[in-house]
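Please read the structure below before turning to the comments.
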Amino acid sequence: MTLAEKILSKAAGKEVGAGDVTVVAVDVAMIQDGTGPLAVRQLEKAGMVRVANPNKTVLFLDHAAPSPRKELSNDHRALREFAGKTGCRLSEVGEGVCHQLIVEKYAAPGQVIIGADSHTCTAGALGAFATGMGSTDVAVGMALGQTWFRVPETFRVLVRGSFPPGVHPKDLILHLIGLLGADGATYKALEFDGPTIREMQMPGRFTLANMAVEAGAKAGIFPSDGITRSYLEQAGRGGEWLPLEADPDAAYERTVEIDVSDLEPTVSLPHTVDNTRTIGEVAGTPIQQVFLGSCTNGRLEDLAVAAAILRGRKVHPGTRLLVVPASRKVFLEAMDSGHLRTLVEAGGMVLAPGCGPCVGVHEGILGDGESSLNTSNRNFQGRMGNPEGFIYLGSPALAAATAVGGVLTDPRDFLE
Amino acid sequence: MILRGHAWKFGDSISTDHIAPGRYFHLRSDLPALAKHVLEDADPEFASRVQPGDFVVGGKNFGLGSSREHAPTIIKLAGVSACLAESFARIFFRNAINVGLPAAIVDTRRIVTGDLLELDLGGGSLHNLTQGYRLEVTKLPPTMLRILEEGGLLPFVAKHGGLEVGAQ
Ligand code: SF4
């Protein structure tokens, strides 16, 4: 069995395989301030204002945090009220991005996690079956403690080789999406494995799993191994660890093999994530804004990579650098380690933990014709609040190099 | 269920940001107001000119992107009777069915804006009355067809007291 088949079989209480439709128990359910108000209204409309599992149901105030408008403030009020009524968990303004907090506090191997947010797949890095759904699906899942799935076929992604200096897991996932196409894995699970994956620490795994949906996938799943275990132990949740491996005879629809030793820093050009180029092909493109953050690359390690490049340098006068730690914990650690000081001294500005400018709601909205280089996961037209803006995606290293250069810049130019 | 209406043709990769742009995030709790901006970033005229019963016709990977169910919901609120596309992004497809908006996978390449179409989702066919040809429509999986026939996921759950889809 594949990892998806194993996890879903356990949650279904019977053996299921790719193609089967089954009802499964939900371990963790979450909504956020963009999708949550609709989920809550659906439950009210259906007379089902209850949650099956309040301690594992979480409401996040992160997409418009702090709120820029009264309508959104009232949405926040409605979610706080719902949490009060049902006893489910509320993650307040300033705590951080939902997917980062789910992996810090809730997700564990073998779980089924549903979220009214497409990047819920991030938690697959911990060996969970985690997937994004709409408000009504998650509302029903919250109320019943169950949902239904068609068990997906799996694409196996086998990764080998060592990352060359200046090349990071973000480059790998952009490369993979370029290879598969934005709909190349629709309805499928991606299962990551291979020697490079087995050595990769959790932050890199989170970045890969986070973007599985950008190839259309339902989930991006990793085996649960010693690295998973030490991550959970450091989070004080070692007891939630269990080992999880696919069977040696698991059936895969397709296997994709990538040797990262050949990879180069990679960029997605506007307006689709699969529109990828190596930095050599696009270096020199003027960039007015750099956004370092998001559920893809707003972790301590990401800020550290950027700080290493920006230390003793200045952000280009024609460019603004927005830094958004993914969570309060990341914010504190980045303060203690001096990375935030380095980034601010270089000319960057730090915004509240949360989604920040990622989705065009409240911060860092582009002007007509302006371009932003983001470490986030999506560059669709209009995403940053202006359909006349242009969004490029790259790694934190590429973001820092670009902030210094004012144009798309190869991070390898800054290697000591 | 036979649906008849005129086509609005869009290209490939119409994202949920085209359909329900983030800059109108504050209207998400006022869906009729949000529906005035439906598909605005793909065709600014669409929302003011769409007629009840019209079809939204996409190319490949229609509805890619975020999980925002507001996207199919405001397409439905705008009076659209069904979405047709060569392929749909997974979350959009499931959301459309959950909110009772028929979504049909069919070869849309020859359809142009203004064509009069007739969709028979249960029977699995699309008739282009303007151009005079018929196409086969991919059948919905049985679970999704039942949810759609019962008006969406909430009416389905209310009627059956749960999900109980494994039985089929
Ligand atoms: S950071 Fe961006 S991609 Fe991640 S949850 Fe927030 S809006 Fe979505």
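In the structure tokens, each chain is lettered A, B, ... as it comes, each chain's residues begin at 1, and ligands are numbered from 1 in order of appearance.
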Please check which protein, DNA or RNA residues sit within 10 Å of ligand 1, counting only C-alpha atoms and all ligand atoms, and write them as an mmCIF file with all heavy atoms, in the first residue's frame.
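What follows is the written file out.cif:
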```
data_model
loop_
_atom_site.group_PDB
_atom_site.id
_atom_site.type_symbol
_atom_site.label_atom_id
_atom_site.label_comp_id
_atom_site.auth_asym_id
_atom_site.auth_seq_id
_atom_site.Cartn_x
_atom_site.Cartn_y
_atom_site.Cartn_z
ATOM 1 N N GLN A 32 -10.172 29.078 8.197
ATOM 2 C CA GLN A 32 -9.480 30.358 8.440
ATOM 3 C C GLN A 32 -10.438 31.519 8.174
ATOM 4 O O GLN A 32 -11.596 31.301 7.826
ATOM 5 C CB GLN A 32 -8.166 30.439 7.644
ATOM 6 C CG GLN A 32 -8.157 29.777 6.273
ATOM 7 C CD GLN A 32 -8.607 30.642 5.136
ATOM 8 O OE1 GLN A 32 -9.314 31.607 5.337
ATOM 9 N NE2 GLN A 32 -8.232 30.261 3.925
ATOM 10 N N GLY A 34 -10.817 33.596 5.876
ATOM 11 C CA GLY A 34 -11.393 33.781 4.554
ATOM 12 C C GLY A 34 -12.507 32.787 4.263
ATOM 13 O O GLY A 34 -13.519 33.119 3.648
ATOM 14 N N PHE A 60 -8.541 29.831 12.459
ATOM 15 C CA PHE A 60 -7.372 30.708 12.362
ATOM 16 C C PHE A 60 -7.749 32.098 11.868
ATOM 17 O O PHE A 60 -8.437 32.221 10.855
ATOM 18 C CB PHE A 60 -6.351 30.108 11.393
ATOM 19 C CG PHE A 60 -5.684 28.879 11.923
ATOM 20 C CD1 PHE A 60 -6.163 27.615 11.588
ATOM 21 C CD2 PHE A 60 -4.587 28.974 12.765
ATOM 22 C CE1 PHE A 60 -5.552 26.474 12.079
ATOM 23 C CE2 PHE A 60 -3.965 27.829 13.258
ATOM 24 C CZ PHE A 60 -4.452 26.576 12.919
ATOM 25 N N ASP A 62 -5.831 34.669 10.247
ATOM 26 C CA ASP A 62 -4.482 34.866 9.693
ATOM 27 C C ASP A 62 -4.445 35.561 8.331
ATOM 28 O O ASP A 62 -3.467 36.218 8.000
ATOM 29 C CB ASP A 62 -3.752 33.510 9.591
ATOM 30 C CG ASP A 62 -4.489 32.485 8.739
ATOM 31 O OD1 ASP A 62 -5.647 32.738 8.357
ATOM 32 O OD2 ASP A 62 -3.920 31.414 8.460
ATOM 33 N N HIS A 63 -5.508 35.448 7.549
ATOM 34 C CA HIS A 63 -5.441 36.000 6.191
ATOM 35 C C HIS A 63 -5.621 37.513 6.165
ATOM 36 O O HIS A 63 -5.157 38.176 5.243
ATOM 37 C CB HIS A 63 -6.501 35.339 5.300
ATOM 38 C CG HIS A 63 -6.082 33.988 4.821
ATOM 39 N ND1 HIS A 63 -5.794 32.952 5.677
ATOM 40 C CD2 HIS A 63 -5.891 33.504 3.570
ATOM 41 C CE1 HIS A 63 -5.442 31.898 4.969
ATOM 42 N NE2 HIS A 63 -5.484 32.199 3.689
ATOM 43 N N ALA A 64 -6.346 38.035 7.133
ATOM 44 C CA ALA A 64 -6.563 39.478 7.220
ATOM 45 C C ALA A 64 -6.247 39.889 8.649
ATOM 46 O O ALA A 64 -7.106 40.319 9.395
ATOM 47 C CB ALA A 64 -8.002 39.813 6.859
ATOM 48 N N GLY A 96 -0.093 33.629 13.699
ATOM 49 C CA GLY A 96 0.630 33.158 12.514
ATOM 50 C C GLY A 96 -0.254 32.482 11.492
ATOM 51 O O GLY A 96 -1.478 32.431 11.643
ATOM 52 N N VAL A 97 0.391 31.941 10.448
ATOM 53 C CA VAL A 97 -0.315 31.296 9.338
ATOM 54 C C VAL A 97 -0.825 29.929 9.765
ATOM 55 O O VAL A 97 -0.090 29.141 10.378
ATOM 56 C CB VAL A 97 0.620 31.053 8.137
ATOM 57 C CG1 VAL A 97 -0.169 30.555 6.932
ATOM 58 C CG2 VAL A 97 1.392 32.277 7.780
ATOM 59 N N CYS A 98 -2.031 29.621 9.382
ATOM 60 C CA CYS A 98 -2.670 28.358 9.763
ATOM 61 C C CYS A 98 -1.766 27.130 9.546
ATOM 62 O O CYS A 98 -1.587 26.328 10.462
ATOM 63 C CB CYS A 98 -3.998 28.183 9.015
ATOM 64 S SG CYS A 98 -3.948 28.431 7.229
ATOM 65 N N HIS A 99 -1.178 27.001 8.374
ATOM 66 C CA HIS A 99 -0.448 25.749 8.087
ATOM 67 C C HIS A 99 0.799 25.599 8.944
ATOM 68 O O HIS A 99 1.188 24.501 9.303
ATOM 69 C CB HIS A 99 -0.120 25.670 6.600
ATOM 70 C CG HIS A 99 -1.318 25.903 5.752
ATOM 71 N ND1 HIS A 99 -2.452 25.135 5.879
ATOM 72 C CD2 HIS A 99 -1.616 26.850 4.827
ATOM 73 C CE1 HIS A 99 -3.379 25.600 5.052
ATOM 74 N NE2 HIS A 99 -2.900 26.642 4.410
ATOM 75 N N GLN A 100 1.438 26.731 9.268
ATOM 76 C CA GLN A 100 2.596 26.675 10.145
ATOM 77 C C GLN A 100 2.166 26.251 11.552
ATOM 78 O O GLN A 100 2.807 25.424 12.194
ATOM 79 C CB GLN A 100 3.297 28.048 10.179
ATOM 80 C CG GLN A 100 4.473 28.128 11.120
ATOM 81 C CD GLN A 100 5.590 27.159 10.765
ATOM 82 O OE1 GLN A 100 5.643 26.635 9.653
ATOM 83 N NE2 GLN A 100 6.454 26.893 11.721
ATOM 84 N N ALA A 116 -10.145 24.152 5.308
ATOM 85 C CA ALA A 116 -10.732 24.995 4.274
ATOM 86 C C ALA A 116 -9.672 25.983 3.817
ATOM 87 O O ALA A 116 -9.769 27.198 4.018
ATOM 88 C CB ALA A 116 -11.970 25.700 4.791
ATOM 89 N N ASP A 117 -8.624 25.426 3.245
ATOM 90 C CA ASP A 117 -7.536 26.205 2.668
ATOM 91 C C ASP A 117 -6.718 25.241 1.830
ATOM 92 O O ASP A 117 -6.378 24.149 2.286
ATOM 93 C CB ASP A 117 -6.658 26.834 3.752
ATOM 94 C CG ASP A 117 -5.704 27.838 3.134
ATOM 95 O OD1 ASP A 117 -4.722 27.406 2.491
ATOM 96 O OD2 ASP A 117 -5.948 29.045 3.249
ATOM 97 N N SER A 118 -6.412 25.649 0.614
ATOM 98 C CA SER A 118 -5.818 24.683 -0.319
ATOM 99 C C SER A 118 -4.447 24.177 0.118
ATOM 100 O O SER A 118 -4.054 23.079 -0.247
ATOM 101 C CB SER A 118 -5.747 25.280 -1.723
ATOM 102 O OG SER A 118 -5.041 26.490 -1.698
ATOM 103 N N HIS A 119 -3.708 24.971 0.892
ATOM 104 C CA HIS A 119 -2.366 24.516 1.284
ATOM 105 C C HIS A 119 -2.342 23.681 2.558
ATOM 106 O O HIS A 119 -1.281 23.471 3.158
ATOM 107 C CB HIS A 119 -1.407 25.705 1.357
ATOM 108 C CG HIS A 119 -1.235 26.351 0.017
ATOM 109 N ND1 HIS A 119 -1.877 27.510 -0.342
ATOM 110 C CD2 HIS A 119 -0.568 25.937 -1.089
ATOM 111 C CE1 HIS A 119 -1.592 27.802 -1.602
ATOM 112 N NE2 HIS A 119 -0.812 26.865 -2.089
ATOM 113 N N THR A 120 -3.498 23.181 2.952
ATOM 114 C CA THR A 120 -3.583 22.241 4.076
ATOM 115 C C THR A 120 -2.650 21.042 3.848
ATOM 116 O O THR A 120 -2.205 20.399 4.790
ATOM 117 C CB THR A 120 -5.047 21.787 4.250
ATOM 118 O OG1 THR A 120 -5.847 22.947 4.467
ATOM 119 C CG2 THR A 120 -5.227 20.843 5.416
ATOM 120 N N THR A 122 0.304 20.988 3.447
ATOM 121 C CA THR A 122 1.594 21.185 4.126
ATOM 122 C C THR A 122 1.869 20.107 5.175
ATOM 123 O O THR A 122 2.989 19.615 5.307
ATOM 124 C CB THR A 122 1.615 22.574 4.825
ATOM 125 O OG1 THR A 122 1.152 23.557 3.908
ATOM 126 C CG2 THR A 122 3.006 22.929 5.311
ATOM 127 N N ASN A 210 3.809 21.670 0.997
ATOM 128 C CA ASN A 210 2.963 22.860 0.855
ATOM 129 C C ASN A 210 2.541 23.091 -0.586
ATOM 130 O O ASN A 210 1.412 23.488 -0.872
ATOM 131 C CB ASN A 210 3.753 24.076 1.380
ATOM 132 C CG ASN A 210 3.040 25.397 1.176
ATOM 133 O OD1 ASN A 210 3.220 26.043 0.155
ATOM 134 N ND2 ASN A 210 2.219 25.795 2.140
ATOM 135 N N MET A 211 3.458 22.836 -1.518
ATOM 136 C CA MET A 211 3.175 23.184 -2.910
ATOM 137 C C MET A 211 2.642 22.022 -3.735
ATOM 138 O O MET A 211 2.458 22.164 -4.950
ATOM 139 C CB MET A 211 4.412 23.818 -3.546
ATOM 140 C CG MET A 211 4.705 25.192 -2.930
ATOM 141 S SD MET A 211 5.883 26.184 -3.858
ATOM 142 C CE MET A 211 4.977 26.607 -5.333
ATOM 143 N N GLY A 293 8.298 35.298 3.202
ATOM 144 C CA GLY A 293 7.369 34.809 4.219
ATOM 145 C C GLY A 293 6.436 33.783 3.628
ATOM 146 O O GLY A 293 6.769 33.128 2.642
ATOM 147 N N SER A 294 5.270 33.601 4.259
ATOM 148 C CA SER A 294 4.190 32.693 3.849
ATOM 149 C C SER A 294 4.339 31.304 4.446
ATOM 150 O O SER A 294 5.374 30.960 5.019
ATOM 151 C CB SER A 294 4.055 32.565 2.334
ATOM 152 O OG SER A 294 4.934 31.566 1.844
ATOM 153 N N CYS A 295 3.284 30.503 4.242
ATOM 154 C CA CYS A 295 3.295 29.130 4.735
ATOM 155 C C CYS A 295 4.292 28.265 3.977
ATOM 156 O O CYS A 295 4.638 27.178 4.422
ATOM 157 C CB CYS A 295 1.892 28.532 4.658
ATOM 158 S SG CYS A 295 1.153 28.593 3.020
ATOM 159 N N THR A 296 4.791 28.742 2.853
ATOM 160 C CA THR A 296 5.776 27.982 2.075
ATOM 161 C C THR A 296 7.185 28.208 2.619
ATOM 162 O O THR A 296 7.951 27.265 2.808
ATOM 163 C CB THR A 296 5.760 28.437 0.597
ATOM 164 O OG1 THR A 296 4.424 28.616 0.179
ATOM 165 C CG2 THR A 296 6.458 27.436 -0.286
ATOM 166 N N ASN A 297 7.543 29.461 2.858
ATOM 167 C CA ASN A 297 8.922 29.810 3.212
ATOM 168 C C ASN A 297 8.972 30.984 4.188
ATOM 169 O O ASN A 297 9.674 31.972 3.936
ATOM 170 C CB ASN A 297 9.720 30.189 1.951
ATOM 171 C CG ASN A 297 10.200 28.993 1.163
ATOM 172 O OD1 ASN A 297 9.850 28.835 0.003
ATOM 173 N ND2 ASN A 297 10.990 28.126 1.780
ATOM 174 N N GLY A 298 8.261 30.871 5.293
ATOM 175 C CA GLY A 298 8.323 31.935 6.296
ATOM 176 C C GLY A 298 8.865 31.412 7.614
ATOM 177 O O GLY A 298 8.582 31.953 8.683
ATOM 178 N N VAL A 324 7.786 38.501 6.695
ATOM 179 C CA VAL A 324 6.635 38.066 7.492
ATOM 180 C C VAL A 324 6.928 36.700 8.118
ATOM 181 O O VAL A 324 6.838 35.671 7.449
ATOM 182 C CB VAL A 324 5.354 37.975 6.629
ATOM 183 C CG1 VAL A 324 4.133 37.716 7.522
ATOM 184 C CG2 VAL A 324 5.144 39.238 5.814
ATOM 185 N N ALA A 326 6.321 33.274 9.815
ATOM 186 C CA ALA A 326 5.108 32.474 9.642
ATOM 187 C C ALA A 326 4.319 32.297 10.935
ATOM 188 O O ALA A 326 3.126 32.025 10.894
ATOM 189 C CB ALA A 326 5.460 31.113 9.047
ATOM 190 N N PRO A 353 3.048 38.250 12.078
ATOM 191 C CA PRO A 353 2.932 36.861 11.625
ATOM 192 C C PRO A 353 1.539 36.610 11.050
ATOM 193 O O PRO A 353 0.537 37.041 11.624
ATOM 194 C CB PRO A 353 3.141 36.046 12.894
ATOM 195 C CG PRO A 353 3.940 36.930 13.797
ATOM 196 C CD PRO A 353 3.490 38.337 13.484
ATOM 197 N N GLY A 354 1.481 35.941 9.936
ATOM 198 C CA GLY A 354 0.208 35.696 9.257
ATOM 199 C C GLY A 354 0.486 35.552 7.776
ATOM 200 O O GLY A 354 1.627 35.288 7.374
ATOM 201 N N CYS A 355 -0.542 35.750 6.964
ATOM 202 C CA CYS A 355 -0.381 35.582 5.517
ATOM 203 C C CYS A 355 0.281 36.784 4.870
ATOM 204 O O CYS A 355 0.817 36.680 3.765
ATOM 205 C CB CYS A 355 -1.734 35.321 4.873
ATOM 206 S SG CYS A 355 -2.455 33.767 5.458
ATOM 207 N N GLY A 356 0.206 37.937 5.544
ATOM 208 C CA GLY A 356 0.854 39.124 4.995
ATOM 209 C C GLY A 356 0.333 39.440 3.598
ATOM 210 O O GLY A 356 -0.861 39.329 3.332
ATOM 211 N N PRO A 357 1.237 39.811 2.686
ATOM 212 C CA PRO A 357 0.810 40.266 1.361
ATOM 213 C C PRO A 357 0.430 39.132 0.407
ATOM 214 O O PRO A 357 0.064 39.401 -0.740
ATOM 215 C CB PRO A 357 2.047 40.985 0.817
ATOM 216 C CG PRO A 357 3.128 40.814 1.812
ATOM 217 C CD PRO A 357 2.684 39.910 2.884
ATOM 218 N N CYS A 358 0.487 37.887 0.856
ATOM 219 C CA CYS A 358 0.377 36.739 -0.046
ATOM 220 C C CYS A 358 -0.884 36.753 -0.905
ATOM 221 O O CYS A 358 -0.862 36.392 -2.067
ATOM 222 C CB CYS A 358 0.423 35.450 0.764
ATOM 223 S SG CYS A 358 0.422 33.966 -0.221
ATOM 224 N N VAL A 359 -2.000 37.178 -0.317
ATOM 225 C CA VAL A 359 -3.272 36.967 -0.989
ATOM 226 C C VAL A 359 -4.018 38.282 -1.281
ATOM 227 O O VAL A 359 -5.189 38.304 -1.611
ATOM 228 C CB VAL A 359 -4.112 35.914 -0.198
ATOM 229 C CG1 VAL A 359 -4.554 36.456 1.158
ATOM 230 C CG2 VAL A 359 -5.276 35.374 -0.989
ATOM 231 N N GLY A 360 -3.281 39.399 -1.213
ATOM 232 C CA GLY A 360 -3.844 40.658 -1.699
ATOM 233 C C GLY A 360 -4.959 41.243 -0.871
ATOM 234 O O GLY A 360 -5.785 41.994 -1.378
ATOM 235 N N VAL A 361 -4.976 40.913 0.421
ATOM 236 C CA VAL A 361 -6.081 41.388 1.251
ATOM 237 C C VAL A 361 -5.750 42.689 1.971
ATOM 238 O O VAL A 361 -6.570 43.582 2.064
ATOM 239 C CB VAL A 361 -6.478 40.319 2.293
ATOM 240 C CG1 VAL A 361 -7.588 40.834 3.191
ATOM 241 C CG2 VAL A 361 -6.923 39.057 1.598
ATOM 242 N N THR A 375 8.447 34.499 -1.830
ATOM 243 C CA THR A 375 8.814 33.133 -1.451
ATOM 244 C C THR A 375 7.565 32.291 -1.227
ATOM 245 O O THR A 375 7.650 31.163 -0.761
ATOM 246 C CB THR A 375 9.662 33.128 -0.164
ATOM 247 O OG1 THR A 375 8.875 33.677 0.896
ATOM 248 C CG2 THR A 375 10.933 33.927 -0.330
ATOM 249 N N SER A 376 6.393 32.825 -1.553
ATOM 250 C CA SER A 376 5.137 32.103 -1.352
ATOM 251 C C SER A 376 4.909 31.097 -2.483
ATOM 252 O O SER A 376 5.841 30.767 -3.209
ATOM 253 C CB SER A 376 3.999 33.114 -1.246
ATOM 254 O OG SER A 376 3.976 33.923 -2.409
ATOM 255 N N ASN A 377 3.688 30.664 -2.647
ATOM 256 C CA ASN A 377 3.447 29.496 -3.496
ATOM 257 C C ASN A 377 2.599 29.756 -4.739
ATOM 258 O O ASN A 377 2.334 28.841 -5.503
ATOM 259 C CB ASN A 377 2.769 28.411 -2.652
ATOM 260 C CG ASN A 377 1.630 28.983 -1.821
ATOM 261 O OD1 ASN A 377 0.905 29.844 -2.284
ATOM 262 N ND2 ASN A 377 1.497 28.514 -0.600
ATOM 263 N N ARG A 378 2.146 30.973 -4.953
ATOM 264 C CA ARG A 378 1.163 31.184 -6.003
ATOM 265 C C ARG A 378 1.367 32.556 -6.633
ATOM 266 O O ARG A 378 1.582 33.526 -5.929
ATOM 267 C CB ARG A 378 -0.218 31.132 -5.339
ATOM 268 C CG ARG A 378 -1.264 30.515 -6.163
ATOM 269 C CD ARG A 378 -2.464 30.150 -5.331
ATOM 270 N NE ARG A 378 -2.611 28.713 -5.255
ATOM 271 C CZ ARG A 378 -3.462 28.102 -4.466
ATOM 272 N NH1 ARG A 378 -4.224 28.807 -3.648
ATOM 273 N NH2 ARG A 378 -3.556 26.792 -4.480
ATOM 274 N N ARG A 383 -3.458 38.113 -7.711
ATOM 275 C CA ARG A 383 -3.346 37.533 -6.374
ATOM 276 C C ARG A 383 -2.904 38.557 -5.327
ATOM 277 O O ARG A 383 -3.343 38.501 -4.192
ATOM 278 C CB ARG A 383 -2.373 36.357 -6.385
ATOM 279 C CG ARG A 383 -2.182 35.779 -4.988
ATOM 280 C CD ARG A 383 -2.083 34.297 -4.982
ATOM 281 N NE ARG A 383 -1.937 33.779 -3.636
ATOM 282 C CZ ARG A 383 -2.871 33.089 -2.991
ATOM 283 N NH1 ARG A 383 -4.009 32.821 -3.559
ATOM 284 N NH2 ARG A 383 -2.667 32.648 -1.777
ATOM 285 N N MET A 384 -2.023 39.466 -5.682
ATOM 286 C CA MET A 384 -1.572 40.440 -4.681
ATOM 287 C C MET A 384 -2.388 41.722 -4.730
ATOM 288 O O MET A 384 -1.875 42.820 -4.490
ATOM 289 C CB MET A 384 -0.079 40.702 -4.826
ATOM 290 C CG MET A 384 0.737 39.465 -4.465
ATOM 291 S SD MET A 384 2.490 39.728 -4.566
ATOM 292 C CE MET A 384 2.815 40.425 -2.946
ATOM 293 N N GLY B 22 -8.975 38.345 -4.432
ATOM 294 C CA GLY B 22 -8.674 38.602 -3.023
ATOM 295 C C GLY B 22 -8.957 40.030 -2.598
ATOM 296 O O GLY B 22 -9.236 40.292 -1.432
ATOM 297 N N GLY B 65 -6.340 26.775 -7.861
ATOM 298 C CA GLY B 65 -5.981 27.725 -6.825
ATOM 299 C C GLY B 65 -6.628 27.419 -5.507
ATOM 300 O O GLY B 65 -6.621 26.286 -5.059
ATOM 301 N N SER B 66 -7.200 28.452 -4.920
ATOM 302 C CA SER B 66 -7.553 28.374 -3.509
ATOM 303 C C SER B 66 -8.804 27.532 -3.312
ATOM 304 O O SER B 66 -9.526 27.197 -4.242
ATOM 305 C CB SER B 66 -7.738 29.772 -2.932
ATOM 306 O OG SER B 66 -9.092 30.148 -2.928
ATOM 307 N N SER B 67 -9.061 27.239 -2.028
ATOM 308 C CA SER B 67 -10.200 26.393 -1.692
ATOM 309 C C SER B 67 -11.468 27.215 -1.587
ATOM 310 O O SER B 67 -12.520 26.685 -1.279
ATOM 311 C CB SER B 67 -9.936 25.711 -0.355
ATOM 312 O OG SER B 67 -9.942 26.676 0.665
#
```
Compile a residue-level contact table for chain A against chain B at a cut-off of 7 Å, reporting for every qualifying residue the shortest atom pair and its distance in Å to one decimal, with only C-alpha atoms counted, rows ordered by chain and ascending number, as a Markdown table.
```
| residue | atom | partner | partner_atom | distance |
| --- | --- | --- | --- | --- |
| A:Val21 | CA | B:Gly166 | CA | 6.0 |
| A:Thr22 | CA | B:Gly166 | CA | 4.8 |
| A:Val23 | CA | B:Gly166 | CA | 6.0 |
| A:Thr35 | CA | B:Arg68 | CA | 6.1 |
| A:Pro37 | CA | B:Ser29 | CA | 6.9 |
| A:Ala46 | CA | B:Leu154 | CA | 6.8 |
| A:Glu71 | CA | B:His26 | CA | 5.4 |
| A:Leu72 | CA | B:His26 | CA | 5.4 |
| A:Ala116 | CA | B:Ser67 | CA | 6.2 |
| A:Asp117 | CA | B:Ser67 | CA | 5.1 |
| A:Ser118 | CA | B:Ser67 | CA | 4.9 |
| A:Gly132 | CA | B:Ser67 | CA | 6.4 |
| A:Met133 | CA | B:Ser67 | CA | 5.7 |
| A:Gly134 | CA | B:Glu69 | CA | 5.1 |
| A:Ser135 | CA | B:Glu69 | CA | 6.1 |
| A:Asp183 | CA | B:Asn61 | CA | 6.1 |
| A:Thr186 | CA | B:Arg90 | CA | 6.3 |
| A:Tyr187 | CA | B:Arg90 | CA | 6.1 |
| A:Gly216 | CA | B:Ala89 | CA | 6.4 |
| A:Val359 | CA | B:Gly22 | CA | 6.0 |
| A:Gly360 | CA | B:Gly22 | CA | 5.4 |
| A:Val361 | CA | B:Arg23 | CA | 5.4 |
| A:Phe380 | CA | B:Asp17 | CA | 6.8 |
| A:Gly382 | CA | B:Asp17 | CA | 6.3 |
| A:Arg383 | CA | B:Asp17 | CA | 6.0 |
| A:Gly385 | CA | B:Arg23 | CA | 4.9 |
| A:Pro387 | CA | B:Asp41 | CA | 6.6 |
```
Taking 2 positions as the minimum chain separation for residues in the same chain, which residues sit within 7 Å of segment 162-165 of chain A when counting only C-alpha atoms? Answer as a ChimeraX atom specification.
/A:160,167-168,196,260-261
Output file for the residues above (N, CA, C and O atoms, as a PDB file, in the first residue's frame):
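Saved file out-v4.pdb follows:
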```
ATOM      1  N   ARG A 160      17.178  12.246  -5.430  1.00  0.00           N
ATOM      2  CA  ARG A 160      18.533  11.897  -5.015  1.00  0.00           C
ATOM      3  C   ARG A 160      19.496  13.041  -5.309  1.00  0.00           C
ATOM      4  O   ARG A 160      19.124  14.021  -5.939  1.00  0.00           O
ATOM      5  N   VAL A 167      21.123  26.402  -3.926  1.00  0.00           N
ATOM      6  CA  VAL A 167      19.919  25.725  -4.417  1.00  0.00           C
ATOM      7  C   VAL A 167      19.231  25.057  -3.227  1.00  0.00           C
ATOM      8  O   VAL A 167      19.902  24.468  -2.374  1.00  0.00           O
ATOM      9  N   HIS A 168      17.920  25.184  -3.161  1.00  0.00           N
ATOM     10  CA  HIS A 168      17.164  24.813  -1.957  1.00  0.00           C
ATOM     11  C   HIS A 168      15.931  23.983  -2.316  1.00  0.00           C
ATOM     12  O   HIS A 168      15.554  23.909  -3.485  1.00  0.00           O
ATOM     13  N   THR A 196      17.718  11.912  -0.808  1.00  0.00           N
ATOM     14  CA  THR A 196      17.746  13.347  -0.488  1.00  0.00           C
ATOM     15  C   THR A 196      16.622  13.706   0.478  1.00  0.00           C
ATOM     16  O   THR A 196      16.790  14.535   1.382  1.00  0.00           O
ATOM     17  N   VAL A 260      18.909  16.311  -7.591  1.00  0.00           N
ATOM     18  CA  VAL A 260      19.015  17.739  -7.285  1.00  0.00           C
ATOM     19  C   VAL A 260      20.414  18.295  -7.557  1.00  0.00           C
ATOM     20  O   VAL A 260      20.586  19.519  -7.602  1.00  0.00           O
ATOM     21  N   SER A 261      21.396  17.410  -7.738  1.00  0.00           N
ATOM     22  CA  SER A 261      22.746  17.920  -8.013  1.00  0.00           C
ATOM     23  C   SER A 261      22.777  18.770  -9.281  1.00  0.00           C
ATOM     24  O   SER A 261      23.650  19.607  -9.455  1.00  0.00           O
TER      25      SER A 261
END
```
Mind the document's chain letters and residue numbers, and return as a VMD selection string the residues of segment 28-163 of chain B that DSSP labels helix (DSSP H, G or I).
chain B and resid 31 to 35 46 to 49 70 to 77 90 to 98 142 to 149 153 to 160
Selected residue of minimal separation from Ile111 of chain B among B:Ala35, B:Val56, B:Val50, B:Ala82, counting only C-alpha atoms:
B:Val56
Please provide as a PyMOL selection string all residues within 9 Å of Glu199 of chain A, with the sequence filter that same-chain residues fewer than 4 positions apart are discarded (counting only C-alpha atoms).
chain A and resi 194-195+227
Secondary structure check, strand (DSSP E) residues of segment 233-416 of chain A, as JSON, numbers by chain
{"A": [254, 255, 256, 257, 258, 259, 266, 267, 268, 276, 277, 278, 289, 290, 291, 292, 293, 320, 321, 322, 323, 324, 349, 350, 371, 372, 373, 374, 390, 391, 392, 393]}
Atom-to-atom span, atom CA of Ala209 of chain A and atom CA of Cys121 of chain A, Å:
6.0 Å
May I ask for the distance between atom CA of Asp274 of chain A and atom CA of Ala304 of chain A, given in Å to one decimal place?
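Separation of atom CA of Asp274 of chain A and atom CA of Ala304 of chain A: 26.9 Å.
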Can you tell me which residues surround Ala306 of chain A at a distance of at most 9 Å, considering only C-alpha atoms, apart from same-chain residues fewer than 4 positions away, and format the answer as a list in words?
Leu292, Glu301, Asp302, Leu310, Arg311, His339, Leu343, Pro396, Ala397, Leu398, Ala399, Ala400 and Ala401 of chain A
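Residues in contact range of Gln42 of chain A, defined as at most 10 Å between only C-alpha atoms, with sequence neighbours fewer than 5 positions away removed, read Gly36, Pro37, Gly47, Met48, Val49, Ser135, Thr136, Asp137, Ala139 and Val140 of chain A; Leu154 of chain B.
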